[in-house]
$ cat start-v8.csv   # CSV, C-alpha atoms and all ligand atoms
chain,number,residue,atom,x,y,z
A,1,MET,CA,11.2,14.4,31.3
A,2,THR,CA,12.1,16.6,28.3
A,3,ASN,CA,9.6,18.0,25.9
A,4,ASN,CA,10.8,15.6,23.3
A,5,GLN,CA,9.2,12.7,25.0
A,6,SER,CA,5.7,14.1,25.2
A,7,PRO,CA,3.6,12.9,22.3
A,8,ILE,CA,3.2,15.0,19.1
A,9,ILE,CA,-0.3,13.6,18.7
A,10,SER,CA,-2.5,12.2,21.3
A,11,VAL,CA,-5.9,10.8,20.5
A,12,SER,CA,-8.3,9.9,23.2
A,13,HIS,CA,-11.7,8.1,22.9
A,14,LEU,CA,-12.1,9.2,19.3
A,15,THR,CA,-15.4,8.2,17.8
A,16,LYS,CA,-16.7,9.1,14.3
A,17,ARG,CA,-20.2,8.4,13.0
A,18,PHE,CA,-21.8,9.0,9.7
A,19,GLY,CA,-25.4,9.0,10.5
A,20,GLU,CA,-26.1,5.5,11.9
A,21,LEU,CA,-22.8,4.2,10.7
A,22,VAL,CA,-20.1,4.0,13.4
A,23,VAL,CA,-16.8,4.2,11.6
A,24,LEU,CA,-14.3,4.9,14.4
A,25,ARG,CA,-15.1,3.3,17.8
A,26,ASP,CA,-13.4,4.9,20.9
A,27,ILE,CA,-9.9,5.0,19.5
A,28,SER,CA,-7.0,6.1,21.7
A,29,PHE,CA,-3.3,6.2,20.9
A,30,GLU,CA,-0.2,8.5,21.0
A,31,VAL,CA,2.4,9.3,18.4
A,32,HIS,CA,5.9,10.4,19.4
A,33,ARG,CA,8.4,12.3,17.4
A,34,GLY,CA,10.2,10.3,14.7
A,35,GLU,CA,7.7,7.5,14.7
A,36,VAL,CA,6.7,6.1,11.3
A,37,ILE,CA,3.4,4.4,11.7
A,38,SER,CA,1.8,2.3,9.0
A,39,LEU,CA,-2.0,1.8,9.1
A,40,ILE,CA,-3.0,-1.4,7.5
A,41,GLY,CA,-6.3,-3.2,7.3
A,42,PRO,CA,-9.2,-4.2,5.1
A,43,SER,CA,-10.9,-1.4,3.2
A,44,GLY,CA,-13.9,0.3,4.8
A,45,THR,CA,-12.5,0.0,8.3
A,46,GLY,CA,-11.9,3.7,8.9
A,47,LYS,CA,-8.2,4.2,8.0
A,48,SER,CA,-8.9,7.3,5.8
A,49,THR,CA,-11.4,8.6,8.3
A,50,LEU,CA,-8.9,8.4,11.1
A,51,LEU,CA,-6.2,10.2,9.1
A,52,ARG,CA,-8.7,12.9,8.0
A,53,ALA,CA,-9.8,13.3,11.7
A,54,LEU,CA,-6.1,14.0,12.6
A,55,ASN,CA,-6.1,17.2,10.6
A,56,MET,CA,-9.8,17.9,11.1
A,57,LEU,CA,-10.8,17.3,7.5
A,58,GLU,CA,-13.3,15.0,9.2
A,59,PRO,CA,-14.2,16.4,12.6
A,60,PRO,CA,-14.8,13.6,15.1
A,61,THR,CA,-18.2,13.0,16.6
A,62,SER,CA,-16.7,12.7,20.1
A,63,GLY,CA,-13.3,12.4,21.7
A,64,GLU,CA,-10.3,14.6,21.8
A,65,ILE,CA,-7.2,15.0,19.6
A,66,CYS,CA,-4.2,17.0,20.8
A,67,VAL,CA,-1.3,18.1,18.6
A,68,LYS,CA,1.8,19.2,20.6
A,69,GLY,CA,-0.4,19.5,23.7
A,70,GLU,CA,-3.0,21.7,22.0
A,71,VAL,CA,-6.6,20.4,21.8
A,72,ILE,CA,-7.3,20.7,18.1
A,73,THR,CA,-10.8,19.4,18.5
A,74,ALA,CA,-11.7,22.4,20.7
A,75,HIS,CA,-14.2,24.7,19.2
A,76,GLY,CA,-12.6,27.5,17.3
A,77,TYR,CA,-9.1,26.0,17.1
A,78,PRO,CA,-7.4,27.7,14.1
A,79,LEU,CA,-7.4,25.0,11.4
A,80,ASP,CA,-4.9,26.8,9.1
A,81,MET,CA,-2.3,26.5,11.9
A,82,LEU,CA,-3.2,22.8,12.4
A,83,ARG,CA,-2.8,22.0,8.7
A,84,ARG,CA,0.6,23.7,8.7
A,85,ARG,CA,1.7,21.3,11.4
A,86,VAL,CA,0.0,18.2,10.1
A,87,GLY,CA,0.5,17.8,6.3
A,88,MET,CA,-1.4,15.4,4.2
A,89,VAL,CA,-0.6,13.6,0.9
A,90,PHE,CA,-3.6,12.1,-0.8
A,91,GLN,CA,-4.0,9.2,-3.1
A,92,SER,CA,-5.0,11.5,-6.0
A,93,PHE,CA,-2.2,14.1,-5.6
A,94,ASN,CA,-4.6,17.2,-5.7
A,95,LEU,CA,-2.1,19.5,-7.5
A,96,PHE,CA,-3.2,22.8,-9.0
A,97,GLU,CA,-3.3,22.0,-12.8
A,98,HIS,CA,-3.0,25.7,-13.8
A,99,MET,CA,0.2,26.3,-11.8
A,100,THR,CA,3.7,25.1,-12.6
A,101,VAL,CA,5.3,22.5,-10.3
A,102,LEU,CA,7.3,25.3,-8.6
A,103,GLU,CA,4.2,27.4,-8.1
A,104,ASN,CA,2.3,24.5,-6.6
A,105,ILE,CA,5.0,24.2,-4.0
A,106,THR,CA,5.4,28.0,-3.2
A,107,GLU,CA,1.7,28.9,-3.4
A,108,VAL,CA,0.9,28.4,0.3
A,109,PRO,CA,4.2,29.4,1.8
A,110,VAL,CA,4.2,32.7,-0.2
A,111,HIS,CA,0.5,33.7,0.0
A,112,LEU,CA,-0.6,32.3,3.3
A,113,LEU,CA,2.6,32.1,5.3
A,114,HIS,CA,4.1,35.3,3.8
A,115,ILE,CA,7.5,33.8,3.2
A,116,PRO,CA,9.5,36.0,0.8
A,117,GLU,CA,9.2,34.7,-2.7
A,118,THR,CA,12.9,34.2,-3.4
A,119,GLN,CA,13.3,32.2,-0.2
A,120,ALA,CA,10.2,30.1,-0.9
A,121,LYS,CA,11.5,29.4,-4.4
A,122,GLU,CA,14.9,28.5,-3.2
A,123,GLU,CA,13.4,26.1,-0.7
A,124,ALA,CA,11.0,24.6,-3.3
A,125,LEU,CA,13.9,23.9,-5.6
A,126,ALA,CA,15.8,22.2,-2.8
A,127,LEU,CA,12.7,20.1,-2.1
A,128,LEU,CA,12.3,19.2,-5.7
A,129,LYS,CA,15.9,18.0,-5.8
A,130,GLN,CA,15.2,15.9,-2.7
A,131,VAL,CA,12.4,14.1,-4.5
A,132,GLY,CA,14.4,13.8,-7.7
A,133,LEU,CA,12.5,16.4,-9.8
A,134,ALA,CA,14.9,19.3,-10.0
A,135,GLN,CA,14.4,19.4,-13.8
A,136,LYS,CA,10.6,19.7,-13.6
A,137,ALA,CA,10.2,23.0,-11.7
A,138,ASP,CA,8.8,24.9,-14.6
A,139,VAL,CA,6.4,22.4,-16.2
A,140,TYR,CA,2.7,22.0,-15.5
A,141,PRO,CA,1.4,18.9,-13.7
A,142,SER,CA,-0.2,17.6,-16.9
A,143,ALA,CA,3.3,17.0,-18.3
A,144,LEU,CA,4.1,14.7,-15.4
A,145,SER,CA,3.6,11.0,-14.8
A,146,GLY,CA,1.5,9.9,-11.8
A,147,GLY,CA,4.6,9.0,-9.8
A,148,GLN,CA,6.1,12.4,-10.5
A,149,LYS,CA,2.9,14.2,-9.5
A,150,GLN,CA,2.9,12.3,-6.2
A,151,ARG,CA,6.5,13.3,-5.6
A,152,VAL,CA,5.6,17.0,-6.2
A,153,ALA,CA,2.7,16.6,-3.8
A,154,ILE,CA,5.2,15.3,-1.2
A,155,ALA,CA,7.5,18.2,-1.8
A,156,ARG,CA,4.5,20.6,-1.4
A,157,ALA,CA,3.7,19.0,1.9
A,158,LEU,CA,7.3,19.3,3.1
A,159,ALA,CA,7.4,23.0,2.1
A,160,MET,CA,5.1,23.7,5.1
A,161,HIS,CA,7.7,22.3,7.5
A,162,PRO,CA,5.1,20.1,9.1
A,163,GLU,CA,5.6,18.3,12.4
A,164,VAL,CA,3.8,15.2,10.9
A,165,ILE,CA,2.8,14.1,7.5
A,166,LEU,CA,-0.2,11.9,6.9
A,167,PHE,CA,-0.1,9.7,3.7
A,168,ASP,CA,-3.4,8.2,2.6
A,169,GLU,CA,-2.6,5.3,0.2
A,170,PRO,CA,0.0,7.4,-1.6
A,171,THR,CA,0.6,4.7,-4.3
A,172,SER,CA,-2.8,3.3,-4.8
A,173,ALA,CA,-3.7,5.5,-7.8
A,174,LEU,CA,-0.4,4.8,-9.5
A,175,ASP,CA,0.5,2.6,-12.4
A,176,PRO,CA,2.5,-0.3,-10.8
A,177,THR,CA,5.7,0.8,-12.6
A,178,MET,CA,5.6,4.0,-10.6
A,179,VAL,CA,5.0,2.7,-7.1
A,180,GLY,CA,8.7,2.2,-6.4
A,181,GLU,CA,9.8,5.8,-7.0
A,182,VAL,CA,7.2,7.2,-4.6
A,183,LEU,CA,7.9,4.6,-1.9
A,184,SER,CA,11.6,5.3,-2.1
A,185,VAL,CA,11.0,9.0,-1.5
A,186,ILE,CA,8.9,8.1,1.6
A,187,ARG,CA,11.7,5.7,2.7
A,188,GLN,CA,14.2,8.5,2.5
A,189,LEU,CA,11.9,10.8,4.5
A,190,ALA,CA,11.6,8.1,7.2
A,191,LYS,CA,15.4,8.2,7.6
A,192,THR,CA,15.3,12.0,8.2
A,193,GLY,CA,13.3,11.4,11.4
A,194,LEU,CA,10.1,13.0,10.1
A,195,THR,CA,7.0,11.8,11.9
A,196,MET,CA,4.7,10.0,9.5
A,197,LEU,CA,1.4,8.1,9.5
A,198,ILE,CA,1.0,6.1,6.3
A,199,VAL,CA,-2.1,4.2,5.2
A,200,THR,CA,-0.9,1.6,2.8
A,201,HIS,CA,-1.6,-1.7,1.2
A,202,GLU,CA,2.0,-2.4,0.4
A,203,MET,CA,2.8,-4.9,3.1
A,204,ARG,CA,6.5,-5.3,2.5
A,205,PHE,CA,6.9,-1.5,2.4
A,206,ALA,CA,5.0,-1.2,5.7
A,207,ARG,CA,7.2,-3.9,7.3
A,208,ASP,CA,10.4,-2.3,6.1
A,209,VAL,CA,9.7,1.4,6.7
A,210,SER,CA,7.7,1.5,9.9
A,211,THR,CA,8.7,1.8,13.5
A,212,ARG,CA,5.1,0.8,14.4
A,213,VAL,CA,2.1,-0.8,12.7
A,214,PHE,CA,-1.6,-0.4,13.4
A,215,PHE,CA,-3.8,-3.1,12.1
A,216,MET,CA,-7.2,-1.5,11.8
A,217,ASN,CA,-10.4,-3.6,11.7
A,218,GLU,CA,-14.0,-2.7,12.3
A,219,GLY,CA,-13.3,0.9,13.4
A,220,ILE,CA,-10.7,0.1,16.0
A,221,ILE,CA,-7.0,-0.4,16.2
A,222,TYR,CA,-7.2,-4.1,16.5
A,223,GLU,CA,-3.5,-4.6,17.0
A,224,ASP,CA,-0.6,-2.2,17.6
A,225,GLY,CA,3.0,-3.3,17.5
A,226,THR,CA,6.4,-3.2,15.9
A,227,PRO,CA,6.5,-4.5,12.3
A,228,GLU,CA,8.0,-7.7,13.7
A,229,GLN,CA,5.1,-8.2,16.1
A,230,ILE,CA,2.4,-7.5,13.5
A,231,PHE,CA,3.9,-9.3,10.6
A,232,GLU,CA,5.8,-12.2,12.2
A,233,HIS,CA,4.0,-12.8,15.5
A,234,PRO,CA,0.5,-11.3,15.3
A,235,VAL,CA,-1.6,-12.0,18.4
A,236,HIS,CA,-5.0,-11.9,16.8
A,237,SER,CA,-6.2,-14.3,14.1
A,238,ALA,CA,-7.7,-11.5,12.1
A,239,THR,CA,-4.3,-9.7,11.9
A,240,LYS,CA,-2.6,-13.0,11.0
A,241,ALA,CA,-5.1,-13.6,8.2
A,242,PHE,CA,-4.7,-10.1,6.8
A,243,VAL,CA,-0.9,-9.9,6.8
A,244,ASN,CA,-0.5,-13.4,5.3
A,245,ARG,CA,-3.2,-13.0,2.7
A,246,ILE,CA,-2.5,-14.6,-0.6
A,247,GLN,CA,-3.7,-13.1,-3.9
A,248,LYS,CA,-5.2,-15.6,-6.3
A,249,LEU,CA,-6.0,-15.8,-9.9
A,250,VAL,CA,-8.0,-18.9,-10.9
A,251,PHE,CA,-8.8,-20.6,-14.2
A,252,GLU,CA,-11.1,-23.6,-14.3
A,253,ILE,CA,-10.3,-25.4,-17.5
A,254,ASP,CA,-13.1,-27.8,-18.2
A,255,SER,CA,-12.2,-28.9,-21.7
A,256,ASP,CA,-10.2,-27.8,-24.7
A,257,ASP,CA,-13.1,-25.5,-25.6
A,258,PHE,CA,-11.9,-23.3,-22.8
A,259,ASP,CA,-11.1,-19.7,-24.0
A,260,PHE,CA,-7.3,-20.0,-23.5
A,261,LEU,CA,-6.7,-16.3,-24.4
A,262,GLN,CA,-8.0,-15.5,-20.9
A,263,ILE,CA,-4.8,-16.9,-19.5
A,264,PRO,CA,-2.1,-14.5,-20.9
A,265,THR,CA,-4.5,-11.6,-20.3
A,266,GLY,CA,-5.2,-12.6,-16.8
A,267,ILE,CA,-1.6,-13.3,-15.9
A,268,ASN,CA,-0.5,-10.0,-17.3
A,269,GLN,CA,-3.1,-8.1,-15.3
A,270,PHE,CA,-2.3,-10.0,-12.1
A,271,CYS,CA,1.4,-9.3,-12.5
A,272,LEU,CA,0.8,-5.6,-13.2
A,273,LYS,CA,-1.4,-5.3,-10.1
A,274,TYR,CA,1.1,-6.9,-7.7
A,275,ASN,CA,4.1,-5.5,-9.5
A,276,LEU,CA,5.5,-8.9,-10.4
A,277,SER,CA,8.1,-9.2,-13.2
A,278,GLN,CA,7.4,-12.8,-14.0
A,279,ALA,CA,4.5,-12.4,-16.4
A,280,ASP,CA,6.2,-13.8,-19.5
A,281,ASN,CA,7.8,-16.7,-17.6
A,282,ALA,CA,4.5,-17.5,-15.9
A,283,TYR,CA,2.6,-17.6,-19.2
A,284,ALA,CA,5.3,-19.7,-20.9
A,285,LEU,CA,5.2,-22.2,-18.0
A,286,ALA,CA,1.4,-22.3,-18.0
A,287,LYS,CA,1.4,-23.0,-21.7
A,288,GLU,CA,4.0,-25.7,-21.5
A,289,MET,CA,2.1,-27.4,-18.7
A,290,LEU,CA,-1.3,-27.1,-20.2
A,291,PHE,CA,-0.4,-28.2,-23.7
A,292,THR,CA,2.5,-30.5,-23.2
A,293,HIS,CA,2.9,-32.2,-19.8
A,294,MET,CA,-0.8,-32.1,-18.8
A,295,ARG,CA,-2.4,-32.0,-22.1
A,296,SER,CA,-4.6,-35.0,-21.4
A,297,PHE,CA,-5.7,-33.9,-18.0
A,298,ARG,CA,-9.1,-32.1,-18.1
A,299,PRO,CA,-10.8,-30.7,-16.1
A,300,LEU,CA,-7.9,-28.9,-14.6
A,301,THR,CA,-7.7,-25.9,-12.2
A,302,LEU,CA,-4.9,-23.5,-12.8
A,303,ARG,CA,-4.1,-21.1,-10.0
A,304,MET,CA,-1.6,-18.3,-9.8
A,305,THR,CA,-0.9,-17.2,-6.3
A,306,HIS,CA,1.1,-14.4,-4.8
A,307,ALA,CA,1.9,-14.0,-1.1
A,308,GLU,CA,2.5,-10.3,-0.6
A,309,LEU,CA,4.5,-10.5,2.5
A,310,SER,CA,6.9,-13.3,1.6
A,311,GLY,CA,6.9,-12.3,-2.1
A,312,VAL,CA,6.4,-16.0,-3.1
A,313,THR,CA,4.6,-16.4,-6.5
A,314,ALA,CA,3.5,-19.8,-7.7
A,315,LEU,CA,1.5,-21.6,-10.3
A,316,ASP,CA,-0.6,-24.5,-9.2
A,317,PHE,CA,-2.1,-27.2,-11.5
A,318,MET,CA,-4.7,-29.3,-9.8
A,319,VAL,CA,-6.5,-32.3,-11.2
A,320,GLU,CA,-9.3,-34.0,-9.3
A,321,GLY,CA,-9.4,-37.7,-9.0
A,322,GLN,CA,-5.8,-38.1,-10.1
A,323,LYS,CA,-3.7,-40.3,-7.7
A,324,ASP,CA,-0.2,-40.0,-9.2
A,325,SER,CA,1.8,-37.2,-10.6
A,326,PRO,CA,1.0,-36.3,-14.2
A,327,LEU,CA,4.7,-35.5,-14.8
A,328,ASN,CA,7.2,-37.8,-16.3
A,329,ASP,CA,11.0,-37.5,-16.0
A,330,ALA,CA,11.2,-35.6,-19.3
A,331,ALA,CA,8.7,-33.1,-18.0
A,332,ARG,CA,10.5,-32.6,-14.7
A,333,GLU,CA,13.8,-32.1,-16.6
A,334,SER,CA,12.3,-29.5,-18.7
A,335,LEU,CA,10.6,-27.6,-15.8
A,336,ARG,CA,13.3,-27.6,-13.2
A,337,PRO,CA,15.6,-25.1,-14.8
A,338,GLN,CA,12.7,-22.7,-15.3
A,339,VAL,CA,11.4,-22.6,-11.7
A,340,LYS,CA,12.7,-22.0,-8.2
A,341,ASP,CA,11.1,-25.1,-6.9
A,342,LEU,CA,8.7,-27.8,-8.0
A,343,PHE,CA,6.3,-29.8,-5.8
A,344,GLU,CA,4.2,-32.8,-6.8
A,345,GLU,CA,1.7,-33.6,-4.1
A,346,PRO,CA,-1.4,-35.6,-3.6
A,347,THR,CA,-4.3,-33.5,-2.3
A,348,LYS,CA,-7.6,-34.6,-0.6
A,349,ARG,CA,-9.4,-34.7,-3.9
A,350,GLY,CA,-6.6,-35.3,-6.4
A,351,PHE,CA,-3.1,-34.3,-7.3
A,352,ARG,CA,-1.3,-30.9,-7.5
A,353,VAL,CA,1.8,-29.8,-9.3
A,354,LYS,CA,3.1,-26.6,-7.9
A,355,LEU,CA,5.7,-24.4,-9.6
A,356,ILE,CA,7.4,-21.7,-7.5
A,357,LEU,CA,8.4,-18.8,-9.8
B,1,LIG,P1,-10.8,2.9,4.7
B,1,LIG,O1,-10.0,4.1,4.4
B,1,LIG,O2,-10.3,2.0,5.8
B,1,LIG,O3,-11.1,2.1,3.5
B,1,LIG,P2,-12.9,4.8,5.2
B,1,LIG,O4,-12.4,5.6,6.4
B,1,LIG,O5,-12.7,5.5,3.9
B,1,LIG,O6,-12.2,3.4,5.2
B,1,LIG,O7,-14.4,4.5,5.4
B,1,LIG,C1,-14.9,3.8,6.5
B,1,LIG,C2,-16.4,3.8,6.4
B,1,LIG,O8,-17.0,5.1,6.5
B,1,LIG,C3,-16.9,3.2,5.0
B,1,LIG,O9,-18.0,2.4,5.3
B,1,LIG,C4,-17.3,4.4,4.3
B,1,LIG,O10,-18.3,4.1,3.3
B,1,LIG,C5,-17.8,5.4,5.3
B,1,LIG,N1,-17.6,6.8,5.0
B,1,LIG,C6,-16.4,7.4,4.8
B,1,LIG,N2,-16.6,8.7,4.6
B,1,LIG,C7,-17.9,8.9,4.6
B,1,LIG,C8,-18.7,10.1,4.4
B,1,LIG,N3,-18.2,11.3,4.2
B,1,LIG,N4,-20.1,9.9,4.5
B,1,LIG,C9,-20.6,8.7,4.8
B,1,LIG,N5,-19.9,7.6,5.0
B,1,LIG,C10,-18.6,7.7,4.9
B,2,MG,MG,-9.1,4.7,2.6
$ encode --input "start-v8.csv" --output "structure tokens" --more "lines below"
Ligand code: ADP
Ligand code: MG
Amino acid sequence: MTNNQSPIISVSHLTKRFGELVVLRDISFEVHRGEVISLIGPSGTGKSTLLRALNMLEPPTSGEICVKGEVITAHGYPLDMLRRRVGMVFQSFNLFEHMTVLENITEVPVHLLHIPETQAKEEALALLKQVGLAQKADVYPSALSGGQKQRVAIARALAMHPEVILFDEPTSALDPTMVGEVLSVIRQLAKTGLTMLIVTHEMRFARDVSTRVFFMNEGIIYEDGTPEQIFEHPVHSATKAFVNRIQKLVFEIDSDDFDFLQIPTGINQFCLKYNLSQADNAYALAKEMLFTHMRSFRPLTLRMTHAELSGVTALDFMVEGQKDSPLNDAARESLRPQVKDLFEEPTKRGFRVKLIL
């Protein structure tokens, strides 16, 4: 067996408590070189704590962590050495605001690792090019967008030549329009064979980029598998429910006294949050349905749904006590060209028209 096959990280019986609260419960796993592992799961289940334990920002209560065969949880293990090997990218970038982009990247290599300044600069420039920011070397972080800041933070982590990079929700603090640029830099890194652990809420990204996925729940790794296993054939019902979760926006329209302005505002926010481009179309359709085809149907429940994994977005119009479709032929003819699909279906309590956007 060659050295390549021994794990880069090996965690055994890791437990973390904050006072009475048990956050990580007897977790064991190994990470091999080149693996890209996404950690998904509900919030509060210990994903950040686990990442922080891996570079000893949060020392475990018990258990052992080895990096390249060395026990980093051992008393007195040099943490600066560890953090060179295990880089971290945070949700909130953590750049030095009083330093230029270039200085942010060269600071630690020059002052702590004693790499000659010209060499560190050259490398930093190459890294900036890699993350698409060659033009920004001399500006201060305040002049950058969130997406650009996060790309600088990634370049800064890479400048340490880490064995592993840990990403803790790298896109959660970003405006939705900037999520893509950061994810695409991470996708590129995955192709270079860099070992990465990524906590993310971006299900499709996790499915596409990972070699392995951990579903964390209640302080344990509930399910560990390939993206295909976790997303297409999860074993546990909790995993299944989480990966197939559907985001919803609901309006209960009792009468024409309803504050209809809530609808465009709500739809816009929903589309921003889930990075959907259909806001205008969705609102136009909602308006047409509410004021033309279903004008006389009140109360009515309007629901916008988005299934993150499949990417399907829909508008549902539900009327209780209604047995037949509220749509006539003219309505269908008007709607069909504007939607991917249209369903008219009786429900237990009434009737639903579903428009797939
Ligand atoms: P996740 O990243 O999955 O959302 P976290 O690891 O941030 O979860 O947190 C797991 C639990 O640990 C939460 O209940 C959180 O409140 C608690 N927790 C995290 N850090 C601390 C801390 N420093 N002190 C006390 N409780 C903490
Ligand atoms: Mg977290």
$ residues_near_ligand --input "start-v8.csv" --ligand "ligand LIG 1 (chain B)" --cutoff "6 Å" --atoms "all atoms listed in the file" --output "VMD selection string"
chain A and resid 18 23 43 to 49
$ write_last_selection --input "start-v8.csv" --atoms "C-alpha atoms" --output "short mmCIF file (atom, residue, chain, number, x, y, z; two decimals), in the frame of the given file"
data_model
loop_
_atom_site.label_atom_id
_atom_site.label_comp_id
_atom_site.auth_asym_id
_atom_site.auth_seq_id
_atom_site.Cartn_x
_atom_site.Cartn_y
_atom_site.Cartn_z
CA PHE A 18 -21.80 9.00 9.70
CA VAL A 23 -16.80 4.20 11.60
CA SER A 43 -10.90 -1.40 3.20
CA GLY A 44 -13.90 0.30 4.80
CA THR A 45 -12.50 0.00 8.30
CA GLY A 46 -11.90 3.70 8.90
CA LYS A 47 -8.20 4.20 8.00
CA SER A 48 -8.90 7.30 5.80
CA THR A 49 -11.40 8.60 8.30
#
$ closest_atom_pairs --input "start-v8.csv" --of "chain A" --to "ligand MG 2 (chain B)" --cutoff "12 Å" --atoms "all atoms listed in the file" --output "Markdown table"
| residue | atom | partner | partner_atom | distance |
| --- | --- | --- | --- | --- |
| A:Val23 | CA | B:MG2 | MG | 11.9 |
| A:Leu39 | CA | B:MG2 | MG | 10.1 |
| A:Ile40 | CA | B:MG2 | MG | 9.9 |
| A:Gly41 | CA | B:MG2 | MG | 9.6 |
| A:Pro42 | CA | B:MG2 | MG | 9.2 |
| A:Ser43 | CA | B:MG2 | MG | 6.4 |
| A:Gly44 | CA | B:MG2 | MG | 6.9 |
| A:Thr45 | CA | B:MG2 | MG | 8.1 |
| A:Gly46 | CA | B:MG2 | MG | 7.0 |
| A:Lys47 | CA | B:MG2 | MG | 5.5 |
| A:Ser48 | CA | B:MG2 | MG | 4.1 |
| A:Thr49 | CA | B:MG2 | MG | 7.3 |
| A:Leu50 | CA | B:MG2 | MG | 9.3 |
| A:Leu51 | CA | B:MG2 | MG | 9.0 |
| A:Arg52 | CA | B:MG2 | MG | 9.8 |
| A:Phe90 | CA | B:MG2 | MG | 9.8 |
| A:Gln91 | CA | B:MG2 | MG | 8.9 |
| A:Ser92 | CA | B:MG2 | MG | 11.7 |
| A:Phe167 | CA | B:MG2 | MG | 10.4 |
| A:Asp168 | CA | B:MG2 | MG | 6.7 |
| A:Glu169 | CA | B:MG2 | MG | 7.0 |
| A:Pro170 | CA | B:MG2 | MG | 10.4 |
| A:Thr171 | CA | B:MG2 | MG | 11.9 |
| A:Ser172 | CA | B:MG2 | MG | 9.8 |
| A:Ala173 | CA | B:MG2 | MG | 11.7 |
| A:Ile198 | CA | B:MG2 | MG | 10.8 |
| A:Val199 | CA | B:MG2 | MG | 7.5 |
| A:Thr200 | CA | B:MG2 | MG | 8.8 |
| A:His201 | CA | B:MG2 | MG | 10.0 |
| A:Met216 | CA | B:MG2 | MG | 11.3 |
$ closest_residue --input "start-v8.csv" --among "A:Gly350, A:Gly266, A:Gly321, A:Pro141" --to "A:Glu103" --atoms "only C-alpha atoms"
A:Pro141
$ closest_residue --input "start-v8.csv" --among "A:Asp208, A:Glu97, A:Glu181, A:Glu320" --to "A:Asp254" --atoms "all atoms listed in the file"
A:Glu320
$ closest_residue --input "start-v8.csv" --among "A:Pro59, A:Asn217, A:Asp341, A:Asp259" --to "A:Ala241" --atoms "all atoms listed in the file"
A:Asn217
$ residues_around --input "start-v8.csv" --residues "A:Glu35" --least-positions-apart "2" --cutoff "10 Å" --atoms "all atoms listed in the file" --output "list in words"
Ile8, Val31, His32, Arg33, Ile37, Ser38, Val164, Ala190, Gly193, Leu194, Thr195, Met196, Leu197, Ser210, Thr211 and Arg212 of chain A
$ build_atoms --input "start-v8.csv" --residues "stretch 138-152 of chain A" --atoms "N, CA and C atoms" --output "tab-separated table (two decimals), keeping the file's coordinate frame"
chain	number	residue	atom	x	y	z
A	138	ASP	N	9.54	23.99	-13.80
A	138	ASP	CA	8.80	24.90	-14.60
A	138	ASP	C	7.69	24.27	-15.48
A	139	VAL	N	7.49	22.98	-15.34
A	139	VAL	CA	6.40	22.40	-16.20
A	139	VAL	C	5.13	22.35	-15.38
A	140	TYR	N	4.05	22.08	-16.12
A	140	TYR	CA	2.70	22.00	-15.50
A	140	TYR	C	2.46	20.51	-15.12
A	141	PRO	N	1.63	20.28	-14.13
A	141	PRO	CA	1.40	18.90	-13.70
A	141	PRO	C	0.95	17.97	-14.83
A	142	SER	N	0.25	18.52	-15.83
A	142	SER	CA	-0.20	17.60	-16.90
A	142	SER	C	0.93	16.98	-17.66
A	143	ALA	N	2.13	17.56	-17.55
A	143	ALA	CA	3.30	17.00	-18.30
A	143	ALA	C	3.98	15.91	-17.41
A	144	LEU	N	3.45	15.63	-16.23
A	144	LEU	CA	4.10	14.70	-15.40
A	144	LEU	C	3.40	13.34	-15.31
A	145	SER	N	4.16	12.29	-15.01
A	145	SER	CA	3.60	11.00	-14.80
A	145	SER	C	2.93	10.99	-13.36
A	146	GLY	N	2.13	9.98	-13.08
A	146	GLY	CA	1.50	9.90	-11.80
A	146	GLY	C	2.54	9.85	-10.62
A	147	GLY	N	3.60	9.11	-10.84
A	147	GLY	CA	4.60	9.00	-9.80
A	147	GLY	C	5.30	10.34	-9.56
A	148	GLN	N	5.54	11.08	-10.66
A	148	GLN	CA	6.10	12.40	-10.50
A	148	GLN	C	5.19	13.36	-9.81
A	149	LYS	N	3.91	13.30	-10.17
A	149	LYS	CA	2.90	14.20	-9.50
A	149	LYS	C	2.91	13.91	-8.00
A	150	GLN	N	2.95	12.64	-7.65
A	150	GLN	CA	2.90	12.30	-6.20
A	150	GLN	C	4.16	12.82	-5.52
A	151	ARG	N	5.29	12.79	-6.21
A	151	ARG	CA	6.50	13.30	-5.60
A	151	ARG	C	6.43	14.82	-5.42
A	152	VAL	N	5.79	15.51	-6.37
A	152	VAL	CA	5.60	17.00	-6.20
A	152	VAL	C	4.66	17.20	-5.00
